[in-house]
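**Q** My file is my_file.csv. It has CSV, C-alpha atoms:
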chain,number,residue,atom,x,y,z
A,1,MET,CA,183.5,13.5,194.1
A,2,LYS,CA,182.9,15.6,191.0
A,3,ILE,CA,185.8,17.0,188.8
A,4,VAL,CA,185.2,19.4,185.9
A,5,ILE,CA,187.8,19.4,183.1
A,6,THR,CA,188.2,22.1,180.4
A,7,ALA,CA,189.4,20.8,177.1
A,8,GLY,CA,191.9,23.6,176.5
A,9,ASP,CA,192.8,24.7,173.0
A,10,CYS,CA,191.3,22.4,170.5
A,11,ASN,CA,194.3,22.8,168.1
A,12,GLY,CA,196.7,21.4,170.7
A,13,ILE,CA,197.3,18.1,172.5
A,14,GLY,CA,194.8,18.6,175.3
A,15,ILE,CA,192.0,16.3,174.1
A,16,GLU,CA,194.5,13.7,173.0
A,17,VAL,CA,196.4,13.4,176.4
A,18,LEU,CA,193.1,13.6,178.3
A,19,THR,CA,191.6,10.7,176.3
A,20,LYS,CA,194.8,8.6,176.9
A,21,ALA,CA,194.8,9.5,180.6
A,22,LEU,CA,191.1,8.7,181.2
A,23,ALA,CA,191.5,5.4,179.4
A,24,GLU,CA,194.4,4.4,181.7
A,25,ILE,CA,193.4,5.6,185.1
A,26,SER,CA,191.0,3.9,187.5
A,27,PHE,CA,188.9,5.8,190.1
A,28,ASN,CA,186.0,4.7,192.2
A,29,ALA,CA,183.1,7.1,192.9
A,30,ILE,CA,184.6,9.9,190.8
A,31,ASP,CA,182.5,11.7,188.3
A,32,PHE,CA,184.4,13.6,185.5
A,33,THR,CA,182.7,16.3,183.5
A,34,LEU,CA,184.2,17.6,180.2
A,35,CYS,CA,183.6,21.3,179.5
A,36,CYS,CA,183.8,21.7,175.7
A,37,ASN,CA,181.7,21.7,172.5
A,38,LYS,CA,180.5,18.3,171.4
A,39,LYS,CA,181.0,18.9,167.7
A,40,THR,CA,184.6,20.1,168.2
A,41,VAL,CA,185.4,17.1,170.4
A,42,ALA,CA,183.9,14.7,167.8
A,43,GLU,CA,185.9,16.3,165.0
A,44,TYR,CA,189.1,16.1,167.0
A,45,ALA,CA,188.4,12.4,167.8
A,46,ALA,CA,187.7,11.6,164.2
A,47,LYS,CA,190.8,13.3,162.9
A,48,MET,CA,193.0,11.4,165.4
A,49,ASN,CA,191.0,8.2,165.5
A,50,LEU,CA,190.6,8.5,169.3
A,51,ASP,CA,188.4,6.3,171.4
A,52,ILE,CA,185.8,8.9,172.1
A,53,ASN,CA,182.1,8.4,171.5
A,54,ILE,CA,179.7,11.3,171.8
A,55,SER,CA,176.2,10.3,172.9
A,56,ASP,CA,173.6,12.9,173.9
A,57,ASN,CA,175.2,14.9,176.7
A,58,TYR,CA,178.0,12.4,177.4
A,59,ALA,CA,181.5,11.5,176.1
A,60,VAL,CA,182.4,7.9,176.5
A,61,VAL,CA,186.2,7.4,176.7
A,62,GLY,CA,187.1,3.8,176.8
A,63,ASN,CA,184.8,2.4,179.6
A,64,LYS,CA,184.4,5.8,181.3
A,65,LYS,CA,181.3,8.0,180.8
A,66,CYS,CA,181.9,11.7,181.2
A,67,GLU,CA,179.1,14.2,181.3
A,68,ILE,CA,179.6,17.1,178.9
A,69,LEU,CA,179.2,20.7,180.1
A,70,GLU,CA,178.3,22.0,176.6
A,71,CYS,CA,179.8,25.2,175.2
A,72,ASP,CA,178.1,27.1,172.3
A,73,THR,CA,181.2,27.9,170.3
A,74,VAL,CA,182.0,25.4,167.6
A,75,ALA,CA,185.7,25.7,166.8
A,76,PRO,CA,187.0,23.8,163.7
A,77,VAL,CA,190.1,21.8,164.5
A,78,HIS,CA,193.3,23.0,162.8
A,79,PHE,CA,196.2,21.2,164.6
A,80,GLY,CA,199.1,23.4,165.5
A,81,LYS,CA,197.3,26.7,164.5
A,82,THR,CA,196.4,29.7,166.5
A,83,THR,CA,192.8,30.6,165.6
A,84,LEU,CA,190.2,33.0,166.9
A,85,GLU,CA,187.6,30.2,167.1
A,86,ALA,CA,189.8,28.0,169.2
A,87,GLY,CA,190.5,31.0,171.6
A,88,THR,CA,186.8,31.8,171.8
A,89,LEU,CA,186.0,28.2,172.7
A,90,ALA,CA,188.8,28.0,175.2
A,91,LEU,CA,187.6,31.2,176.9
A,92,GLU,CA,184.0,30.0,177.0
A,93,GLN,CA,185.1,26.7,178.6
A,94,LEU,CA,186.9,28.6,181.3
A,95,GLU,CA,184.0,30.9,182.0
A,96,ARG,CA,181.5,28.1,182.2
A,97,ALA,CA,183.6,25.8,184.3
A,98,ILE,CA,184.7,28.5,186.7
A,99,SER,CA,181.0,29.6,187.1
A,100,SER,CA,179.9,26.1,187.9
A,101,LEU,CA,182.8,25.6,190.3
A,102,SER,CA,182.0,28.8,192.2
A,103,LYS,CA,178.4,27.6,192.6
A,104,GLY,CA,179.6,24.5,194.3
A,105,LYS,CA,178.7,22.1,191.5
A,106,PHE,CA,182.2,20.6,191.4
A,107,ASP,CA,184.9,19.8,193.9
A,108,ALA,CA,187.8,20.6,191.6
A,109,LEU,CA,188.7,22.1,188.3
A,110,VAL,CA,191.3,20.6,185.9
A,111,THR,CA,192.3,23.0,183.1
A,112,MET,CA,194.0,21.5,180.0
A,113,PRO,CA,196.6,23.7,178.2
A,114,VAL,CA,195.5,26.9,176.4
A,115,SER,CA,197.1,29.1,173.8
A,116,LYS,CA,197.4,32.5,175.3
A,117,ALA,CA,197.8,34.0,171.8
A,118,ALA,CA,194.5,32.5,170.7
A,119,LEU,CA,192.8,33.6,173.9
A,120,GLN,CA,194.0,37.1,173.4
A,121,LEU,CA,192.5,37.1,169.9
A,122,ALA,CA,189.2,36.4,171.7
A,123,GLY,CA,189.7,39.4,174.0
A,124,TRP,CA,191.3,37.7,177.0
A,125,GLU,CA,193.3,40.1,179.2
A,126,PHE,CA,195.0,37.8,181.7
A,127,PRO,CA,198.7,36.6,181.5
A,128,GLY,CA,197.6,33.1,182.5
A,129,GLN,CA,194.8,30.9,183.7
A,130,THR,CA,196.1,31.2,187.3
A,131,GLU,CA,195.5,35.0,187.2
A,132,MET,CA,192.0,34.5,185.8
A,133,LEU,CA,191.1,32.1,188.6
A,134,ALA,CA,192.4,34.6,191.2
A,135,ALA,CA,190.3,37.4,189.7
A,136,ARG,CA,187.2,35.2,189.7
A,137,PHE,CA,187.6,33.8,193.2
A,138,GLY,CA,189.1,36.9,194.8
A,139,GLY,CA,192.2,35.3,196.3
A,140,GLU,CA,196.0,35.7,196.2
A,141,PRO,CA,197.2,32.7,194.1
A,142,LEU,CA,200.2,30.6,194.9
A,143,MET,CA,201.5,28.6,192.0
A,144,ILE,CA,202.9,25.2,193.1
A,145,LEU,CA,204.5,22.8,190.6
A,146,ALA,CA,204.7,19.2,191.9
A,147,THR,CA,206.0,15.8,190.9
A,148,GLY,CA,205.9,13.0,193.5
A,149,ASN,CA,207.1,14.5,196.8
A,150,VAL,CA,208.9,17.5,195.2
A,151,ARG,CA,206.8,20.7,195.4
A,152,VAL,CA,208.0,24.0,194.1
A,153,ALA,CA,206.1,27.2,194.8
A,154,LEU,CA,206.8,30.5,192.9
A,155,GLN,CA,207.3,33.9,194.6
A,156,THR,CA,206.7,35.6,191.2
A,157,ILE,CA,204.9,34.1,188.3
A,158,HIS,CA,204.4,35.5,184.8
A,159,ILE,CA,206.5,38.7,184.9
A,160,PRO,CA,209.6,39.8,182.9
A,161,ILE,CA,213.0,38.9,184.5
A,162,SER,CA,213.7,42.7,184.6
A,163,ASN,CA,210.8,43.2,187.0
A,164,ILE,CA,211.6,40.5,189.5
A,165,THR,CA,213.8,42.5,191.9
A,166,SER,CA,211.2,45.3,192.2
A,167,ALA,CA,208.4,42.8,192.7
A,168,ILE,CA,209.8,41.2,195.8
A,169,ASN,CA,209.9,42.6,199.3
A,170,GLN,CA,209.9,41.2,202.9
A,171,GLU,CA,206.2,41.3,203.2
A,172,ASN,CA,205.2,39.5,200.1
A,173,ILE,CA,207.9,36.8,200.7
A,174,TYR,CA,206.7,36.0,204.2
A,175,LYS,CA,203.1,36.0,203.0
A,176,LYS,CA,204.0,33.4,200.3
A,177,ILE,CA,205.8,31.3,202.9
A,178,ILE,CA,202.7,31.4,205.1
A,179,GLN,CA,200.5,30.5,202.2
A,180,PHE,CA,202.8,27.7,201.2
A,181,ASN,CA,202.9,26.3,204.7
A,182,THR,CA,199.0,26.3,204.8
A,183,ALA,CA,198.7,24.6,201.4
A,184,LEU,CA,201.2,21.9,202.4
A,185,LYS,CA,199.0,21.2,205.4
A,186,MET,CA,195.6,21.6,203.9
A,187,ASP,CA,196.1,20.1,200.4
A,188,PHE,CA,199.0,17.6,200.9
A,189,GLU,CA,198.1,16.6,204.5
A,190,ILE,CA,201.7,17.3,205.8
A,191,LYS,CA,201.3,18.1,209.5
A,192,HIS,CA,204.6,19.8,210.0
A,193,PRO,CA,205.9,21.1,206.6
A,194,LYS,CA,209.6,21.8,206.2
A,195,ILE,CA,210.1,24.6,203.6
A,196,ALA,CA,213.3,25.7,201.8
A,197,VAL,CA,213.6,29.2,200.3
A,198,LEU,CA,215.9,29.8,197.3
A,199,GLY,CA,218.0,32.9,196.9
A,200,LEU,CA,217.5,35.4,194.1
A,201,ASN,CA,221.1,35.9,193.1
A,202,PRO,CA,223.8,33.5,192.0
A,203,HIS,CA,225.3,31.8,195.0
A,204,ALA,CA,222.5,33.3,197.1
A,205,GLY,CA,224.3,36.6,196.9
A,206,GLU,CA,227.5,35.3,198.3
A,207,ALA,CA,227.3,37.3,201.5
A,208,GLY,CA,226.3,40.4,199.7
A,209,HIS,CA,229.1,40.4,197.0
A,210,ILE,CA,226.6,39.4,194.2
A,211,GLY,CA,223.5,41.3,195.4
A,212,LYS,CA,222.0,42.2,198.7
A,213,GLU,CA,218.4,40.9,198.3
A,214,GLU,CA,219.2,37.8,200.3
A,215,ILE,CA,220.5,39.9,203.3
A,216,ASP,CA,218.0,42.8,203.1
A,217,ILE,CA,214.8,41.1,202.0
A,218,ILE,CA,214.8,37.3,201.9
A,219,SER,CA,216.5,36.4,205.2
A,220,PRO,CA,214.4,38.8,207.3
A,221,ALA,CA,211.3,37.3,205.8
A,222,ILE,CA,212.5,33.8,206.7
A,223,ILE,CA,213.3,34.9,210.2
A,224,PHE,CA,209.9,36.5,210.6
A,225,THR,CA,208.0,33.3,209.6
A,226,LYS,CA,210.4,31.0,211.6
A,227,ASN,CA,209.4,33.1,214.6
A,228,MET,CA,205.8,32.2,213.9
A,229,GLY,CA,206.6,28.5,214.3
A,230,ILE,CA,207.0,27.7,210.6
A,231,GLU,CA,209.9,25.3,209.7
A,232,VAL,CA,211.5,27.4,207.0
A,233,PHE,CA,215.2,27.5,206.0
A,234,GLY,CA,217.4,29.4,203.5
A,235,PRO,CA,218.1,31.2,201.4
A,236,PHE,CA,219.9,28.5,199.4
A,237,PRO,CA,221.8,28.9,196.1
A,238,ALA,CA,219.4,27.3,193.6
A,239,ASP,CA,222.0,25.5,191.5
A,240,GLY,CA,223.7,23.5,194.2
A,241,PHE,CA,220.4,23.0,196.0
A,242,PHE,CA,219.0,20.9,193.2
A,243,ALA,CA,222.2,19.5,191.8
A,244,PHE,CA,223.3,17.8,195.0
A,245,GLY,CA,219.9,16.5,196.2
A,246,ASP,CA,219.3,19.0,199.0
A,247,TYR,CA,215.7,19.4,197.7
A,248,LEU,CA,214.9,15.8,198.9
A,249,GLY,CA,215.1,17.0,202.5
A,250,TYR,CA,212.1,19.4,202.2
A,251,ASP,CA,208.4,19.2,201.8
A,252,GLY,CA,208.3,22.4,199.8
A,253,ILE,CA,210.6,24.8,198.0
A,254,LEU,CA,209.9,28.5,197.4
A,255,ALA,CA,211.6,29.8,194.2
A,256,MET,CA,212.0,33.5,193.6
A,257,TYR,CA,211.0,33.3,189.9
A,258,HIS,CA,209.4,31.1,187.2
A,259,ASP,CA,212.3,29.5,185.5
A,260,GLN,CA,214.4,29.1,188.7
A,261,GLY,CA,211.8,26.7,190.0
A,262,LEU,CA,210.3,25.2,186.9
A,263,ILE,CA,213.4,24.2,185.0
A,264,PRO,CA,214.7,21.8,187.7
A,265,LEU,CA,211.1,20.6,188.5
A,266,LYS,CA,210.4,19.7,184.9
A,267,LEU,CA,213.7,17.9,184.6
A,268,LEU,CA,212.8,15.9,187.7
A,269,ALA,CA,209.3,15.2,186.4
A,270,HIS,CA,210.4,13.5,183.1
A,271,GLY,CA,207.3,14.5,181.3
A,272,GLY,CA,205.0,14.4,184.3
A,273,GLY,CA,204.4,17.2,186.7
A,274,VAL,CA,201.4,19.1,187.9
A,275,ASN,CA,200.5,22.8,188.3
A,276,ILE,CA,198.5,23.5,191.4
A,277,THR,CA,196.9,26.9,192.2
A,278,ALA,CA,196.9,27.2,196.0
A,279,GLY,CA,195.6,30.2,198.0
A,280,LEU,CA,192.1,30.1,196.5
A,281,SER,CA,188.8,28.9,197.9
A,282,ALA,CA,188.6,26.5,194.9
A,283,VAL,CA,190.8,23.6,193.9
A,284,ARG,CA,192.4,24.0,190.4
A,285,ILE,CA,195.0,21.7,188.9
A,286,SER,CA,196.5,21.5,185.4
A,287,PRO,CA,199.2,19.5,183.5
A,288,ASP,CA,202.7,21.1,183.6
A,289,HIS,CA,203.0,21.6,179.9
A,290,GLY,CA,201.5,23.7,177.1
A,291,THR,CA,199.5,23.1,173.9
A,292,ALA,CA,202.5,21.5,172.2
A,293,PHE,CA,201.4,22.7,168.8
A,294,GLY,CA,204.5,21.2,167.2
A,295,ILE,CA,203.2,17.6,167.8
A,296,ALA,CA,199.5,18.3,167.8
A,297,GLY,CA,197.5,15.8,165.7
A,298,LEU,CA,200.5,13.4,165.4
A,299,GLY,CA,199.5,11.0,168.2
A,300,LYS,CA,202.9,11.4,169.9
A,301,ALA,CA,201.8,13.3,173.1
A,302,ASP,CA,202.7,11.8,176.5
A,303,SER,CA,199.8,11.7,178.9
A,304,ALA,CA,201.9,11.2,182.0
A,305,SER,CA,201.4,14.8,183.3
A,306,THR,CA,197.6,14.5,182.7
A,307,LYS,CA,197.3,11.3,184.6
A,308,GLU,CA,199.3,12.8,187.5
A,309,THR,CA,197.0,15.9,187.3
A,310,LEU,CA,193.8,13.9,187.5
A,311,GLN,CA,195.1,11.9,190.5
A,312,MET,CA,196.3,15.1,192.2
A,313,ALA,CA,192.9,16.8,191.6
A,314,VAL,CA,191.1,13.9,193.3
A,315,ASN,CA,193.7,13.7,196.2
A,316,ILE,CA,193.6,17.5,196.9
A,317,ALA,CA,189.8,17.7,196.7
A,318,LYS,CA,189.5,14.9,199.2
A,319,ALA,CA,192.2,16.4,201.5
A,320,ARG,CA,190.5,19.8,201.3
A,321,LYS,CA,187.2,18.2,202.4
A,322,GLN,CA,188.8,16.5,205.3
A,323,TYR,CA,190.6,19.8,206.3
A,324,ASP,CA,187.3,21.7,206.3
A,325,LEU,CA,185.9,19.2,208.8
Mind converting the file's structure to C-alpha cells?

**A**
Amino acid sequence: MKIVITAGDCNGIGIEVLTKALAEISFNAIDFTLCCNKKTVAEYAAKMNLDINISDNYAVVGNKKCEILECDTVAPVHFGKTTLEAGTLALEQLERAISSLSKGKFDALVTMPVSKAALQLAGWEFPGQTEMLAARFGGEPLMILATGNVRVALQTIHIPISNITSAINQENIYKKIIQFNTALKMDFEIKHPKIAVLGLNPHAGEAGHIGKEEIDIISPAIIFTKNMGIEVFGPFPADGFFAFGDYLGYDGILAMYHDQGLIPLKLLAHGGGVNITAGLSAVRISPDHGTAFGIAGLGKADSASTKETLQMAVNIAKARKQYDL
C-alpha cells in the first residue's frame, strides 16, 4: 500500500502535525511518500527542532522512513505568513502528487492544509483542493467529513450563502444521495447504508411556513432515491437532529451547505475529523483543519486530525481495492 502526502503550506502547521502523527502511528506494509522540497522541510524541522532527518531522497521521521517526491521550488519558511513562494511550492506539490496518483503510482493521496490566498498569488484558480482534484480526475466530487462513525456529506461546498438556494434542485440532491450511498458502501464497507437528509430552512421549513424548499425540492428527491431502494430519510431540522442525538442512528448525513454540516461535525470531532473526497476515481483524504497560521511555529498544533486522516487513507484505499475485486 502506497500513500503520497503533500506537505501543504510550509508556513502553517502541516509539517509539524504530520511529523507528530507519523511518529505516533504504527502501520505494517504501508509506504508513505512526502511530496515537498527537501530544503524547505529541513529548514522547517530546524526552526521547530522536529525529529526529521533528510537523507538523500528520504525523510526519516522517528523510526519511519518516507521517500521524498521532490519539488523544485524552494520556499523559505516564514511561520504565519502568506507568501508567493509558499503558494508556488504548495501548488507544485499538488500538481506532482496528483500526476503520480493518476498514473497509478499511489493508492491514495493525503493533502495537508494549504493557504488559498498563497495559492492564488501563485496563479491558482480553484476555490479549494477538492475542486482541483475534480478537475484533474474528471468526476463530480462529494465532500464527506467524518469522525468515528459520524459521516457528513455536503450538498453544496464552497459557495456563498446567498447562492445556496439557487444551487440546489431535485436532480442534484438525488444524485448526491446516490453518490453518498455508493461511497458508504465502497469506501466504508457498509452493506446497507442508512442516510439522513437535513432540511435547508430553520425547522426544515415548518410545513412550508419558513420556506418551501423542503416540500418542493428536498422531499421529492428523497422519495425518488427511496424508490430506488436506498434507505434515506428526512428532511430533518438540523439543530434538533444534532442536539438530541438523532445523528447516531444513521451511517451518513447529507447537509445542504458547508457550515450546517461542518460546525456540528467539528464540535463532535474535538480536534480530530477527516475530509474525504468521494465520487472520484482516486482516493483523497485531508485533515479537517486549515493552516492555523496563528499558532504556526509554536509547537502547539494538535495532530489528532492528521493521525485520523492517515488511518482513514489506509482504510479507504484497502476498502476500495476490495470493492474493485

**Q** Just the residues within 8 Å of region 247-261 of chain A, please, counting all atoms listed in the file, with nothing from its chain fewer than 2 positions along; format it as an MDAnalysis selection string.

**A** chainID A and resid 149:158 164 177 180 184 193:200 238 241:242 245 263:265

**Q** How many Å lie between CA of Phe79 (chain A) and CA of Pro127 (chain A), rounded to one decimal?

**A**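 Between CA of Phe79 (chain A) and CA of Pro127 (chain A) the gap is 23.0 Å.
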
**Q** Name all residues at most 7 Å from region 298-301 of chain A (count only C-alpha atoms; drop same-chain ones fewer than 2 positions away) and give them as an MDAnalysis selection string.

**A** chainID A and resid 13 17 295:296 303

**Q** Suppose you want the space between CA of Thr309 (chain A) and CA of Phe137 (chain A); what is it in Å?

**A**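 One can read the CA of Thr309 (chain A) to CA of Phe137 (chain A) distance as 21.1 Å.
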
**Q** Within 9 Å of Arg96 (chain A), counting only C-alpha atoms, which residues qualify if same-chain residues fewer than 2 places away don't, as a list in words?

**A**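 Here the answer would be Cys35, Leu69, Glu70, Cys71, Leu91, Glu92, Gln93, Leu94, Ile98, Ser99, Ser100 and Leu101 of chain A.
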
**Q** Can you measure CA of Gly8 (chain A) to CA of Phe126 (chain A) for me? One decimal in Å is fine.

**A**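 Interatomic distance, CA of Gly8 (chain A) to CA of Phe126 (chain A): 15.4 Å.
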
**Q** Could you give me, as an mmCIF file with C-alpha atoms, keeping the file's coordinate frame, the residues that have an atom at most 7 Å away from the point (200.0, 15.5, 192.5) in the coordinates of the file, using only C-alpha atoms?

**A**
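The resulting file, point.cif, is reproduced below:
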data_model
loop_
_atom_site.group_PDB
_atom_site.id
_atom_site.type_symbol
_atom_site.label_atom_id
_atom_site.label_comp_id
_atom_site.auth_asym_id
_atom_site.auth_seq_id
_atom_site.Cartn_x
_atom_site.Cartn_y
_atom_site.Cartn_z
ATOM 1 C CA ALA A 146 204.700 19.200 191.900
ATOM 2 C CA THR A 147 206.000 15.800 190.900
ATOM 3 C CA GLY A 148 205.900 13.000 193.500
ATOM 4 C CA VAL A 274 201.400 19.100 187.900
ATOM 5 C CA GLU A 308 199.300 12.800 187.500
ATOM 6 C CA THR A 309 197.000 15.900 187.300
ATOM 7 C CA GLN A 311 195.100 11.900 190.500
ATOM 8 C CA MET A 312 196.300 15.100 192.200
#

**Q** Taking into account all atoms listed in the file, which residue in the set A:Val60, A:Val41, A:Ala278, A:Met112 is nearest to Ile144 (chain A)?

**A**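 With all atoms listed in the file as the atom set, the closest residue is A:Ala278.
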
**Q** Using all atoms listed in the file, find the one residue out of A:Glu206, A:Asp9, A:Asp51, A:Asp288 that sits nearest to Gly87 (chain A).

**A**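 Ranking A:Glu206, A:Asp9, A:Asp51, A:Asp288 by distance to Gly87 (chain A), first place goes to A:Asp9.
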
**Q** Start from the incomplete input, build N, CA and C atoms for region 2-29 of chain A, and deliver everything as a PDB file, in the frame of the given file.

**A**
ATOM      1  N   LYS A   2     183.205  15.184 192.348  1.00  0.00           N
ATOM      2  CA  LYS A   2     182.900  15.600 191.000  1.00  0.00           C
ATOM      3  C   LYS A   2     184.069  16.568 190.509  1.00  0.00           C
ATOM      4  N   ILE A   3     184.650  16.225 189.361  1.00  0.00           N
ATOM      5  CA  ILE A   3     185.800  17.000 188.800  1.00  0.00           C
ATOM      6  C   ILE A   3     185.342  17.498 187.417  1.00  0.00           C
ATOM      7  N   VAL A   4     185.483  18.801 187.179  1.00  0.00           N
ATOM      8  CA  VAL A   4     185.200  19.400 185.900  1.00  0.00           C
ATOM      9  C   VAL A   4     186.530  19.640 185.151  1.00  0.00           C
ATOM     10  N   ILE A   5     186.575  19.317 183.857  1.00  0.00           N
ATOM     11  CA  ILE A   5     187.800  19.400 183.100  1.00  0.00           C
ATOM     12  C   ILE A   5     187.532  20.309 181.851  1.00  0.00           C
ATOM     13  N   THR A   6     188.293  21.378 181.685  1.00  0.00           N
ATOM     14  CA  THR A   6     188.200  22.100 180.400  1.00  0.00           C
ATOM     15  C   THR A   6     189.128  21.492 179.412  1.00  0.00           C
ATOM     16  N   ALA A   7     188.696  21.462 178.159  1.00  0.00           N
ATOM     17  CA  ALA A   7     189.400  20.800 177.100  1.00  0.00           C
ATOM     18  C   ALA A   7     190.634  21.541 176.589  1.00  0.00           C
ATOM     19  N   GLY A   8     190.735  22.814 176.958  1.00  0.00           N
ATOM     20  CA  GLY A   8     191.900  23.600 176.500  1.00  0.00           C
ATOM     21  C   GLY A   8     191.727  24.026 175.042  1.00  0.00           C
ATOM     22  N   ASP A   9     192.852  24.319 174.404  1.00  0.00           N
ATOM     23  CA  ASP A   9     192.800  24.700 173.000  1.00  0.00           C
ATOM     24  C   ASP A   9     192.650  23.499 172.115  1.00  0.00           C
ATOM     25  N   CYS A  10     191.624  23.521 171.291  1.00  0.00           N
ATOM     26  CA  CYS A  10     191.300  22.400 170.500  1.00  0.00           C
ATOM     27  C   CYS A  10     192.281  22.089 169.355  1.00  0.00           C
ATOM     28  N   ASN A  11     193.233  22.983 169.157  1.00  0.00           N
ATOM     29  CA  ASN A  11     194.300  22.800 168.100  1.00  0.00           C
ATOM     30  C   ASN A  11     195.558  22.216 168.726  1.00  0.00           C
ATOM     31  N   GLY A  12     195.546  21.956 170.022  1.00  0.00           N
ATOM     32  CA  GLY A  12     196.700  21.400 170.700  1.00  0.00           C
ATOM     33  C   GLY A  12     196.545  19.969 171.082  1.00  0.00           C
ATOM     34  N   ILE A  13     197.303  19.532 172.079  1.00  0.00           N
ATOM     35  CA  ILE A  13     197.300  18.100 172.500  1.00  0.00           C
ATOM     36  C   ILE A  13     196.360  17.801 173.611  1.00  0.00           C
ATOM     37  N   GLY A  14     195.629  18.796 174.105  1.00  0.00           N
ATOM     38  CA  GLY A  14     194.800  18.600 175.300  1.00  0.00           C
ATOM     39  C   GLY A  14     193.852  17.461 175.264  1.00  0.00           C
ATOM     40  N   ILE A  15     193.024  17.390 174.228  1.00  0.00           N
ATOM     41  CA  ILE A  15     192.000  16.300 174.100  1.00  0.00           C
ATOM     42  C   ILE A  15     192.691  14.967 173.938  1.00  0.00           C
ATOM     43  N   GLU A  16     193.793  14.955 173.206  1.00  0.00           N
ATOM     44  CA  GLU A  16     194.500  13.700 173.000  1.00  0.00           C
ATOM     45  C   GLU A  16     195.041  13.138 174.327  1.00  0.00           C
ATOM     46  N   VAL A  17     195.773  13.951 175.108  1.00  0.00           N
ATOM     47  CA  VAL A  17     196.400  13.400 176.400  1.00  0.00           C
ATOM     48  C   VAL A  17     195.272  13.143 177.389  1.00  0.00           C
ATOM     49  N   LEU A  18     194.190  13.905 177.363  1.00  0.00           N
ATOM     50  CA  LEU A  18     193.100  13.600 178.300  1.00  0.00           C
ATOM     51  C   LEU A  18     192.439  12.309 177.971  1.00  0.00           C
ATOM     52  N   THR A  19     192.232  12.023 176.689  1.00  0.00           N
ATOM     53  CA  THR A  19     191.600  10.700 176.300  1.00  0.00           C
ATOM     54  C   THR A  19     192.536   9.585 176.725  1.00  0.00           C
ATOM     55  N   LYS A  20     193.825   9.696 176.484  1.00  0.00           N
ATOM     56  CA  LYS A  20     194.800   8.600 176.900  1.00  0.00           C
ATOM     57  C   LYS A  20     194.755   8.453 178.399  1.00  0.00           C
ATOM     58  N   ALA A  21     194.754   9.571 179.142  1.00  0.00           N
ATOM     59  CA  ALA A  21     194.800   9.500 180.600  1.00  0.00           C
ATOM     60  C   ALA A  21     193.536   8.856 181.171  1.00  0.00           C
ATOM     61  N   LEU A  22     192.376   9.272 180.682  1.00  0.00           N
ATOM     62  CA  LEU A  22     191.100   8.700 181.200  1.00  0.00           C
ATOM     63  C   LEU A  22     190.998   7.241 180.896  1.00  0.00           C
ATOM     64  N   ALA A  23     191.559   6.797 179.773  1.00  0.00           N
ATOM     65  CA  ALA A  23     191.500   5.400 179.400  1.00  0.00           C
ATOM     66  C   ALA A  23     192.405   4.526 180.311  1.00  0.00           C
ATOM     67  N   GLU A  24     193.413   5.167 180.935  1.00  0.00           N
ATOM     68  CA  GLU A  24     194.400   4.400 181.700  1.00  0.00           C
ATOM     69  C   GLU A  24     194.253   4.456 183.190  1.00  0.00           C
ATOM     70  N   ILE A  25     193.502   5.429 183.696  1.00  0.00           N
ATOM     71  CA  ILE A  25     193.400   5.600 185.100  1.00  0.00           C
ATOM     72  C   ILE A  25     192.146   4.817 185.646  1.00  0.00           C
ATOM     73  N   SER A  26     192.127   4.576 186.946  1.00  0.00           N
ATOM     74  CA  SER A  26     191.000   3.900 187.500  1.00  0.00           C
ATOM     75  C   SER A  26     190.625   4.569 188.852  1.00  0.00           C
ATOM     76  N   PHE A  27     189.403   5.087 188.914  1.00  0.00           N
ATOM     77  CA  PHE A  27     188.900   5.800 190.100  1.00  0.00           C
ATOM     78  C   PHE A  27     187.543   5.178 190.476  1.00  0.00           C
ATOM     79  N   ASN A  28     187.275   5.116 191.761  1.00  0.00           N
ATOM     80  CA  ASN A  28     186.000   4.700 192.200  1.00  0.00           C
ATOM     81  C   ASN A  28     185.229   5.959 192.755  1.00  0.00           C
ATOM     82  N   ALA A  29     183.953   6.054 192.434  1.00  0.00           N
ATOM     83  CA  ALA A  29     183.100   7.100 192.900  1.00  0.00           C
ATOM     84  C   ALA A  29     183.587   8.521 192.538  1.00  0.00           C
TER      85      ALA A  29
END
